[in-house]
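*Asks:* Pasting a structure here, questions to come.
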Protein chains: 2
Amino acid sequence: MILVLASCTPINQEDKPTVDPLPSWDEGETKASIIEFVQEVTNEESQYFVAIPDRIAVFDNDGNLWSEKPVYFQLSFAIDRVKMLSSQHPEWENEQPFKAVLENDMNTLMTYGEHGILQIVMATHAGITTEEFEDIVKEWLSKANHPRFNKSYTDLVYQPMLELITYLRNNNFKIFIVSGGGIEFMRVWVEEVYGIPRDQVIGSSIKTEFVIENGKPVIKRLPELDFIDDKEGKPIGIHKFIGRKPIFCSGNSDGDLAMMQYTASGDGKRFMLYLHHTDSVREWAYDRNSSVGRLDKGLDEALDKGWTVINMKEDWEVIYPFELSKNSH
Amino acid sequence: MILVLASCTPINQEDKPTVDPLPSWDEGETKASIIEFVQEVTNEESQYFVAIPDRIAVFDNDGNLWSEKPVYFQLSFAIDRVKMLSSQHPEWENEQPFKAVLENDMNTLMTYGEHGILQIVMATHAGITTEEFEDIVKEWLSKANHPRFNKSYTDLVYQPMLELITYLRNNNFKIFIVSGGGIEFMRVWVEEVYGIPRDQVIGSSIKTEFVIENGKPVIKRLPELDFIDDKEGKPIGIHKFIGRKPIFCSGNSDGDLAMMQYTASGDGKRFMLYLHHTDSVREWAYDRNSSVGRLDKGLDEALDKGWTVINMKEDWEVIYPFELSKNSH
C-alpha cells in the first residue's frame, strides 16, 4: 500500500532507485547524519536496529514541509474566507479582528494574537459539513496564489523534505504529520502533495457533531475548539493518534520542542532534526524574534543536546520543486 | 509493511494463499455476499471499483472481534484493578460502586449503569503514566482467565473475523478498529492478536498531560474523560482519526448503528455487516434485551435496509481459534 501511494504522488520523478536518496541536500554533515541514522536503524546486524512497526517518523508542517511566511497559509485561507463571507456579516465592518482583515491591516490583526486568529478560524471554518469544508479548501487551493512567489501554495513545499519523506518511506518508516494547523485543512491536499495518507495527519481540530440532515447522515463542524496540536499538545496528539513514541522527529519552531523531547526520551537511537530558516534570499531568514515560527528555546536545546540543525542556506541546494524544472531548461 | 505485520500474527497458519479465504464460514449467503463485495470493489473492470486509499474498513471490537460476556473484558480488568488497589483505598469498603465490586455483587454494580462503570475506570486507569498503564494491562492479560472458558481473554477472539480481516487486508483494505473500549487498553494487544497497527485503533479515551518527571518527559493519564467512541461518537471518531468515509463496516450492537449509517451514506457499493449473537451453546445468544451489546434498533434497520446480518449459529462453523487445534487432534 505504501508503494502504491508513493506512486500516486507527483513528486517521485523516477521509478528506478537513485544512488543518492537526497539529491537536493548539500554533501555536508547534516545529510551524512541522516543517512547514517537510517542505515543503522534498518540494518539487522546493528545494535541500533529498529523493527518496522517502531519506525515512526513525525514531521511538523508549517515552516517545515512548506513555507509559513508572510503568514501561515491557512490564515491566508481564513482571511480570504472572511472577505468572501463579509456580505453576509455586515457587523464585521465594525468588529475586530474582522475589521482589520477587511481593511487588509495585518499589523492591527497581529495585535489580536492567537485569540484573534482563532476567532477568524471559528467564524470561517464552522457551521458547514465536513464535505462542504473540503470542497471550499480545494477550491481555494486551486485559485489562490502566494503573494511573493505568485505560485500555488502547494508549490511552496520543500524539495529536500519531499526527498527525505520518500527516503524514510522506502526504508519502511510510517510517516505522520504533526502540525498546529487544522487537521481537516491539511487532509485535503497532503496525500497528493506528500504521499502521506489522510489518517497519518495529526493537527488541531474543532468539534464536530453527527446529524441526520434531510435523511442523510453528515458531520457538521461546530464553532468550538476540540484540540490544539501545538507545544505540549504535540506529544499528546502523537500518543492519541499513533500510540507509539517516534524515533525520528522533524520540526522548525519552539512549538515542536515538546515532541522533540518526547522523541528523544526513548531508548536506542533517535533522530531529532530542527530546520533553521537562514536563507533570506531564496526563502526567509528568521528565528528567535519571529512572531510566526519562532525558534528560540528549541535552538538552544538542539545545540545543547547535539540534535541535528539544518542550516537552510548551506544544507539545501534546492528549496522548492519548481526550481528543478527551471534548472532543467 | 502490511505483509510484514500479517506475518507477525500467530493467526496466519499458512504462507500460501488458500483457495478459500473464509474457511470457518458456512457456505451460505453471508459468506457469498462478502466475497462478492470484495471482488467487485477490487476489480478494475467493475463499475464498483474502489481505489486503494478509499478501501477503508472499520470493525467494532467488543462482541464483534472478541466476546463481551458476561461483562466487557475491560470491565473485568477494571474490577481486578479495584480489588488490587483496595488496600490503598479503605474508603471503597463503604462507597458504591466500589463496595459492590469488592463484594463480587455484579447485580448491584449493574444498577450503577454506565456512570458506575466510568467511576471504576477513572479510579483504576488514571494517575499513572501511559507506559505504566501499558505494563499493567500486559501483566493482567498474561494472567487473567475468562470465567466460563478458563482461557486467556485474547483467546476468545472470533476465528471467522480473523479470516475476514486477513482477507480484506490481502485485498489492500486498510483496517481500523472503532470501539467504545479504551484506546490504550486495546493498543497493548491488537497488533499481536489481529495484526492491526496501533495507529489504526480508535477508542474511548481519557485526557492526558505531557510533563517532565525527574528529568524525563512522560504522558500522564488524568481522571477526566476525553472522548466516548460510541453511538454518534463512532462516526465522529472515524472522521477525526481516518478522515475518510469507510466502505465496509462491521459491528454487533446499537452502539454501531451510527457508523453503519455513516458508511451506508456514501456513493458506490458499501458493505454493512451486523453480527447477531444467536449461539447459546458455543457462545451466547442475546440481542434486544441484553444490557451488554444490545442489538435492537440496529437489527430493525439492518433488516429494513437489507444490510448483511451474520447468524452466528448458522454462519460460523468455528467460533474461537482454539477449536481448530482441538479439531486437528
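Scheme for the C-alpha cells: letters A, B, ... for chains in order shown; per-chain residue numbers from 1; ligand numbers from 1 in order shown.
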From a DSSP pass on the backbone, collect the residues of stretch 59-249 of chain A flagged as alpha helix (DSSP H) and hand them back as a tab-separated table (two decimals) with C-alpha atoms, in the first residue's frame.
*Replies:*
```
chain	number	residue	atom	x	y	z
A	73	PHE	CA	-1.01	29.67	4.67
A	74	GLN	CA	-4.13	28.54	6.49
A	75	LEU	CA	-4.51	32.08	7.83
A	76	SER	CA	-4.42	33.35	4.22
A	77	PHE	CA	-7.25	30.92	3.54
A	78	ALA	CA	-9.21	32.18	6.56
A	79	ILE	CA	-8.63	35.81	5.53
A	80	ASP	CA	-9.94	35.11	2.04
A	81	ARG	CA	-12.95	33.38	3.61
A	82	VAL	CA	-13.68	36.45	5.79
A	83	LYS	CA	-13.70	38.64	2.69
A	84	MET	CA	-15.91	36.22	0.81
A	85	LEU	CA	-18.39	35.89	3.69
A	98	PHE	CA	-12.66	41.11	11.22
A	99	LYS	CA	-12.43	44.85	10.53
A	100	ALA	CA	-8.63	44.59	10.29
A	101	VAL	CA	-8.92	41.69	7.86
A	102	LEU	CA	-11.38	43.54	5.62
A	106	MET	CA	-2.17	42.92	9.02
A	107	ASN	CA	-0.39	44.93	11.73
A	108	THR	CA	-3.64	45.52	13.61
A	109	LEU	CA	-4.70	41.91	13.00
A	110	MET	CA	-1.45	40.68	14.57
A	111	THR	CA	-2.13	42.69	17.75
A	113	GLY	CA	-2.61	37.41	18.55
A	114	GLU	CA	-3.57	33.78	18.71
A	115	HIS	CA	-7.01	34.59	20.10
A	116	GLY	CA	-7.78	36.81	17.10
A	117	ILE	CA	-6.68	34.11	14.68
A	118	LEU	CA	-8.90	31.59	16.46
A	119	GLN	CA	-11.87	33.96	16.20
A	120	ILE	CA	-11.34	34.19	12.46
A	121	VAL	CA	-10.91	30.45	12.07
A	122	MET	CA	-14.06	29.71	14.08
A	123	ALA	CA	-16.12	32.19	12.09
A	124	THR	CA	-14.94	30.89	8.73
A	125	HIS	CA	-14.36	27.16	9.25
A	130	THR	CA	-17.06	18.35	6.61
A	131	GLU	CA	-17.69	17.64	2.93
A	132	GLU	CA	-18.56	21.27	2.24
A	133	PHE	CA	-15.42	22.39	4.07
A	134	GLU	CA	-13.28	20.07	1.99
A	135	ASP	CA	-14.74	21.45	-1.24
A	136	ILE	CA	-14.08	25.02	-0.07
A	137	VAL	CA	-10.42	24.26	0.72
A	138	LYS	CA	-9.93	22.53	-2.64
A	139	GLU	CA	-11.49	25.44	-4.50
A	140	TRP	CA	-9.31	27.96	-2.65
A	141	LEU	CA	-6.10	25.99	-3.24
A	142	SER	CA	-6.85	25.73	-6.95
A	143	LYS	CA	-7.09	29.55	-7.26
A	159	GLN	CA	12.03	19.68	-2.24
A	160	PRO	CA	14.65	18.37	0.26
A	161	MET	CA	11.88	17.38	2.68
A	162	LEU	CA	9.97	15.57	-0.08
A	163	GLU	CA	13.15	13.60	-0.73
A	164	LEU	CA	13.56	12.89	2.98
A	165	ILE	CA	9.95	11.63	3.26
A	166	THR	CA	10.44	9.35	0.26
A	167	TYR	CA	13.75	8.09	1.64
A	168	LEU	CA	12.21	7.24	5.02
A	169	ARG	CA	9.16	5.65	3.40
A	170	ASN	CA	11.39	3.49	1.21
A	183	ILE	CA	-6.30	18.61	10.54
A	184	GLU	CA	-9.13	18.94	8.01
A	185	PHE	CA	-7.41	21.75	6.13
A	186	MET	CA	-4.31	19.57	5.63
A	187	ARG	CA	-6.02	16.33	4.76
A	190	VAL	CA	-1.34	16.11	1.85
A	191	GLU	CA	-1.97	12.83	0.10
A	192	GLU	CA	-1.37	14.28	-3.33
A	193	VAL	CA	1.47	16.59	-2.33
A	194	TYR	CA	3.43	14.47	0.18
A	233	GLY	CA	-0.24	19.19	22.61
A	234	LYS	CA	2.06	17.55	20.07
A	235	PRO	CA	3.24	14.61	22.20
A	236	ILE	CA	-0.35	14.29	23.45
A	237	GLY	CA	-1.55	14.12	19.83
A	238	ILE	CA	1.18	11.64	18.94
A	239	HIS	CA	0.18	9.41	21.81
A	240	LYS	CA	-3.52	9.72	20.99
A	241	PHE	CA	-3.28	9.06	17.25
```
*Asks:* Can you tell me which residues surround B:Lys269 at a distance of at most 8 Å, considering only C-alpha atoms, apart from same-chain residues fewer than 6 positions away, and format the answer as a PyMOL selection string?
*Replies:* chain B and resi 37+41+48+247
*Asks:* Would you put the residues from that selection into a file with N, CA and C atoms, as an mmCIF file, in the first residue's frame?
*Replies:*
```
data_model
loop_
_atom_site.group_PDB
_atom_site.id
_atom_site.type_symbol
_atom_site.label_atom_id
_atom_site.label_comp_id
_atom_site.auth_asym_id
_atom_site.auth_seq_id
_atom_site.Cartn_x
_atom_site.Cartn_y
_atom_site.Cartn_z
ATOM 1 N N PHE B 37 -18.767 -8.755 -2.683
ATOM 2 C CA PHE B 37 -18.446 -7.338 -2.468
ATOM 3 C C PHE B 37 -16.961 -7.069 -2.704
ATOM 4 N N VAL B 41 -15.342 -4.523 -5.624
ATOM 5 C CA VAL B 41 -14.655 -3.245 -5.388
ATOM 6 C C VAL B 41 -13.173 -3.313 -5.732
ATOM 7 N N TYR B 48 -18.013 -0.752 -9.881
ATOM 8 C CA TYR B 48 -17.937 -0.521 -8.437
ATOM 9 C C TYR B 48 -16.500 -0.514 -7.919
ATOM 10 N N ILE B 247 -15.903 2.101 3.489
ATOM 11 C CA ILE B 247 -16.814 1.421 2.556
ATOM 12 C C ILE B 247 -17.275 0.081 3.129
#
```
*Asks:* Smallest atom-to-atom distance to A:Ile175: which of A:Lys216, A:Arg198, A:Lys207, A:His89, using only C-alpha atoms?
*Replies:* A:Arg198
*Asks:* Just checking: using only C-alpha atoms, which residue out of A:Arg288, A:Lys245, A:Lys220, A:Lys231 ends up closest to A:Arg55?
*Replies:*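 Closest to A:Arg55 of all the choices is A:Lys245.
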*Asks:* Quick one: which residues from chain A are at most 7 Å off chain B, using only C-alpha atoms, as a ChimeraX atom specification?
*Replies:* /A:1,172,198-199,208-210,216-217,232,235-236,241-243,261-262,265
*Asks:* Include all heavy atoms and write out the residues we just selected as a compact mmCIF listing (two decimals), in the first residue's frame.
*Replies:*
```txt
# COMPACT_ATOMS: atom_id res chain seq x y z
N MET A 1 0.82 -1.21 0.00
CA MET A 1 0.00 0.00 0.00
C MET A 1 0.86 1.26 0.00
O MET A 1 0.58 2.22 -0.69
CB MET A 1 -0.87 -0.01 1.24
CG MET A 1 -1.74 1.20 1.35
SD MET A 1 -3.20 0.78 2.25
CE MET A 1 -4.05 2.35 2.19
N ASN A 172 10.76 1.82 5.05
CA ASN A 172 9.67 1.27 5.87
C ASN A 172 9.34 2.07 7.11
O ASN A 172 8.84 1.52 8.10
CB ASN A 172 9.94 -0.19 6.24
CG ASN A 172 9.89 -1.09 5.03
OD1 ASN A 172 8.93 -1.05 4.28
ND2 ASN A 172 10.93 -1.89 4.84
N ARG A 198 -4.26 10.33 4.55
CA ARG A 198 -5.03 11.23 5.42
C ARG A 198 -5.01 10.81 6.88
O ARG A 198 -5.01 11.65 7.78
CB ARG A 198 -6.50 11.21 5.01
CG ARG A 198 -6.77 11.97 3.76
CD ARG A 198 -8.24 11.85 3.39
NE ARG A 198 -8.48 12.75 2.29
CZ ARG A 198 -9.55 13.52 2.17
NH1 ARG A 198 -10.51 13.47 3.06
NH2 ARG A 198 -9.68 14.32 1.14
N ASP A 199 -5.06 9.51 7.13
CA ASP A 199 -5.13 9.06 8.51
C ASP A 199 -3.78 9.16 9.19
O ASP A 199 -3.67 8.85 10.37
CB ASP A 199 -5.68 7.63 8.60
CG ASP A 199 -4.87 6.63 7.81
OD1 ASP A 199 -5.07 6.53 6.59
OD2 ASP A 199 -4.02 5.97 8.41
N THR A 208 -17.01 18.43 16.20
CA THR A 208 -17.99 18.14 15.15
C THR A 208 -19.16 17.40 15.78
O THR A 208 -19.06 16.89 16.90
CB THR A 208 -17.37 17.25 14.04
OG1 THR A 208 -16.93 16.01 14.64
CG2 THR A 208 -16.19 17.92 13.37
N GLU A 209 -20.26 17.33 15.06
CA GLU A 209 -21.38 16.51 15.51
C GLU A 209 -21.94 15.71 14.34
O GLU A 209 -21.90 16.15 13.19
CB GLU A 209 -22.49 17.36 16.17
CG GLU A 209 -23.14 18.34 15.23
CD GLU A 209 -24.34 19.07 15.85
OE1 GLU A 209 -24.80 18.67 16.93
OE2 GLU A 209 -24.80 20.05 15.23
N PHE A 210 -22.46 14.53 14.68
CA PHE A 210 -23.06 13.64 13.69
C PHE A 210 -24.55 13.90 13.69
O PHE A 210 -25.20 13.78 14.74
CB PHE A 210 -22.77 12.19 14.07
CG PHE A 210 -23.43 11.16 13.20
CD1 PHE A 210 -22.88 10.83 11.96
CD2 PHE A 210 -24.57 10.51 13.62
CE1 PHE A 210 -23.47 9.87 11.15
CE2 PHE A 210 -25.17 9.54 12.82
CZ PHE A 210 -24.62 9.22 11.58
N LYS A 216 -29.95 12.33 5.31
CA LYS A 216 -28.58 11.91 5.04
C LYS A 216 -27.67 12.20 6.24
O LYS A 216 -27.66 13.31 6.75
CB LYS A 216 -28.05 12.68 3.81
CG LYS A 216 -26.82 12.00 3.22
CD LYS A 216 -26.13 12.81 2.14
CE LYS A 216 -24.69 12.28 2.06
NZ LYS A 216 -23.94 12.63 0.92
N PRO A 217 -26.91 11.17 6.69
CA PRO A 217 -26.01 11.43 7.82
C PRO A 217 -24.84 12.31 7.38
O PRO A 217 -24.21 12.04 6.36
CB PRO A 217 -25.48 10.03 8.18
CG PRO A 217 -26.27 9.05 7.39
CD PRO A 217 -26.83 9.79 6.21
N GLU A 232 2.99 21.34 24.04
CA GLU A 232 2.75 20.09 24.77
C GLU A 232 1.63 19.27 24.14
O GLU A 232 1.50 18.07 24.41
CB GLU A 232 2.41 20.37 26.25
CG GLU A 232 3.60 20.76 27.11
CD GLU A 232 4.14 22.14 26.81
OE1 GLU A 232 3.36 22.97 26.28
OE2 GLU A 232 5.32 22.40 27.07
N PRO A 235 3.10 15.99 21.70
CA PRO A 235 3.24 14.61 22.20
C PRO A 235 1.90 13.99 22.61
O PRO A 235 1.70 12.78 22.42
CB PRO A 235 4.19 14.74 23.40
CG PRO A 235 4.37 16.20 23.65
CD PRO A 235 3.99 16.93 22.41
N ILE A 236 0.98 14.81 23.11
CA ILE A 236 -0.35 14.29 23.45
C ILE A 236 -1.04 13.76 22.17
O ILE A 236 -1.60 12.66 22.16
CB ILE A 236 -1.23 15.42 24.06
CG1 ILE A 236 -0.60 15.98 25.35
CG2 ILE A 236 -2.66 14.95 24.29
CD1 ILE A 236 -0.71 15.12 26.53
N PHE A 241 -3.04 9.55 18.62
CA PHE A 241 -3.28 9.06 17.25
C PHE A 241 -2.39 7.88 16.87
O PHE A 241 -2.79 7.03 16.11
CB PHE A 241 -3.09 10.18 16.23
CG PHE A 241 -4.25 11.12 16.12
CD1 PHE A 241 -4.50 12.07 17.10
CD2 PHE A 241 -5.11 11.06 15.03
CE1 PHE A 241 -5.57 12.94 17.00
CE2 PHE A 241 -6.19 11.92 14.91
CZ PHE A 241 -6.43 12.86 15.91
N ILE A 242 -1.15 7.88 17.37
CA ILE A 242 -0.19 6.86 16.95
C ILE A 242 -0.03 5.78 18.02
O ILE A 242 0.08 4.59 17.71
CB ILE A 242 1.19 7.48 16.61
CG1 ILE A 242 1.03 8.67 15.65
CG2 ILE A 242 2.13 6.42 16.04
CD1 ILE A 242 2.33 9.40 15.33
N GLY A 243 0.03 6.21 19.28
CA GLY A 243 0.17 5.25 20.37
C GLY A 243 1.57 4.66 20.49
O GLY A 243 1.75 3.62 21.13
N GLN A 261 11.53 16.56 22.57
CA GLN A 261 11.90 15.99 23.88
C GLN A 261 11.30 14.61 24.05
O GLN A 261 11.94 13.70 24.56
CB GLN A 261 11.42 16.92 25.00
CG GLN A 261 12.12 18.26 25.03
CD GLN A 261 11.42 19.27 25.95
OE1 GLN A 261 10.21 19.18 26.17
NE2 GLN A 261 12.17 20.24 26.45
N TYR A 262 10.04 14.47 23.63
CA TYR A 262 9.36 13.18 23.76
C TYR A 262 10.05 12.12 22.91
O TYR A 262 10.31 11.00 23.38
CB TYR A 262 7.90 13.36 23.33
CG TYR A 262 7.02 12.15 23.52
CD1 TYR A 262 6.85 11.58 24.78
CD2 TYR A 262 6.35 11.59 22.43
CE1 TYR A 262 6.03 10.47 24.94
CE2 TYR A 262 5.53 10.48 22.60
CZ TYR A 262 5.37 9.93 23.84
OH TYR A 262 4.56 8.83 24.01
N SER A 265 13.32 10.96 24.37
CA SER A 265 13.27 10.28 25.67
C SER A 265 13.25 8.75 25.56
O SER A 265 13.35 8.07 26.58
CB SER A 265 12.04 10.73 26.45
OG SER A 265 10.86 10.20 25.86
```
*Asks:* So that I can check the secondary structure, give me every residue of stretch 38-279 of chain B assigned strand (DSSP E) by backbone DSSP, as a PyMOL selection string.
*Replies:* chain B and resi 56-59+174-182+201-213+216-227+248-251+271-278
